[in-house]
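Here is the structure we will look at, set down as structure tokens.
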Amino acid sequence: MFLFLVVALAVVVAAVTLAVVGGGETGPLPEVAPERLQDPLPLERPVNRADVEALRFPLAARGYRMSDVDDALSRLGAELAERDARITDLESALAGAQAAAHGASVAHVSMDKPAQGPGEQQ
């Protein structure tokens with residue numbers, strides 16, 4: 001019985017090996033192009049939340065293709081840095097405008113009040 005199982009196992013292993021390496025009429029397994037990212041991030045406009053949520057990376061032998069993930073992360077990082085710089089510029093412009101408005105209102109109030117000398121009453 002044991003000998004029969006060993007022979008059957010050898011036949012199965014040989015059949016699988018021949019099928020994989022091309023022992024039949026069709027030849028070896030054909031080379032398959034690696035799966036690529038189907039819908040990359042849009043180049044013609046800034047990335048929005050829906051683009052990031054719709055982003056799906058194709059699976060590779062050990063997870064995701066590093067080049068696809070690296071490209072997406074570098075694009076997102078560049079856009080976040082650009083947005084951070086824009087926010088900083090807008091905040092500094094707002095602070096400058098508020099300071100100018102505050103300075104103008106203080107000057108306007110001081111011009112409305114007449115100068116009072118010592119001992120003068122209103």
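If you're wondering about the labels, chains in the structure tokens are A, B, ... by order shown, residues count from 1 in each chain, ligands from 1 in order shown.
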Near Pro42 in chain A, within 12 Å and counting only C-alpha atoms, which residues show up once chain neighbours fewer than 5 positions away are dropped, as a compact mmCIF listing (two decimals) with N, CA, C and O atoms, in the first residue's frame?
# COMPACT_ATOMS: atom_id res chain seq x y z
N VAL A 47 -5.34 66.88 -7.29
CA VAL A 47 -5.96 65.66 -6.77
C VAL A 47 -6.98 66.06 -5.71
O VAL A 47 -6.72 66.93 -4.88
N ASN A 48 -8.13 65.40 -5.72
CA ASN A 48 -9.12 65.65 -4.68
C ASN A 48 -9.37 64.37 -3.89
O ASN A 48 -8.79 63.33 -4.17
N ALA A 50 -11.90 62.35 -3.72
CA ALA A 50 -12.49 61.24 -4.47
C ALA A 50 -11.42 60.49 -5.28
O ALA A 50 -11.49 59.26 -5.41
N ASP A 51 -10.43 61.22 -5.80
CA ASP A 51 -9.35 60.57 -6.54
C ASP A 51 -8.56 59.63 -5.63
O ASP A 51 -8.20 58.52 -6.03
N VAL A 52 -8.28 60.08 -4.43
CA VAL A 52 -7.51 59.26 -3.50
C VAL A 52 -8.33 58.05 -3.05
O VAL A 52 -7.82 56.93 -2.96
N ALA A 54 -10.63 56.54 -4.75
CA ALA A 54 -10.83 55.63 -5.88
C ALA A 54 -9.53 54.94 -6.30
O ALA A 54 -9.56 54.00 -7.09
N LEU A 55 -8.42 55.36 -5.76
CA LEU A 55 -7.12 54.80 -6.14
C LEU A 55 -7.00 53.37 -5.63
O LEU A 55 -7.12 53.12 -4.43
N ALA A 72 2.43 57.49 -6.67
CA ALA A 72 1.23 58.09 -6.08
C ALA A 72 1.59 58.89 -4.82
O ALA A 72 1.10 60.01 -4.62
N ARG A 75 3.38 62.14 -5.71
CA ARG A 75 2.44 63.13 -6.26
C ARG A 75 1.61 63.74 -5.14
O ARG A 75 1.42 64.95 -5.07
N LEU A 76 1.10 62.91 -4.24
CA LEU A 76 0.31 63.43 -3.12
C LEU A 76 1.16 64.32 -2.21
O LEU A 76 0.70 65.36 -1.76
N GLU A 79 1.65 67.73 -3.89
CA GLU A 79 0.44 68.56 -3.85
C GLU A 79 0.14 69.04 -2.43
O GLU A 79 -0.30 70.17 -2.25
Take CA of Pro58 in chain A and CA of Pro40 in chain A and report the distance between them in Å, one decimal.
11.2 Å
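For the pair CA of Asp68 in chain A and CA of Val20 in chain A, the separation is 29.8 Å.
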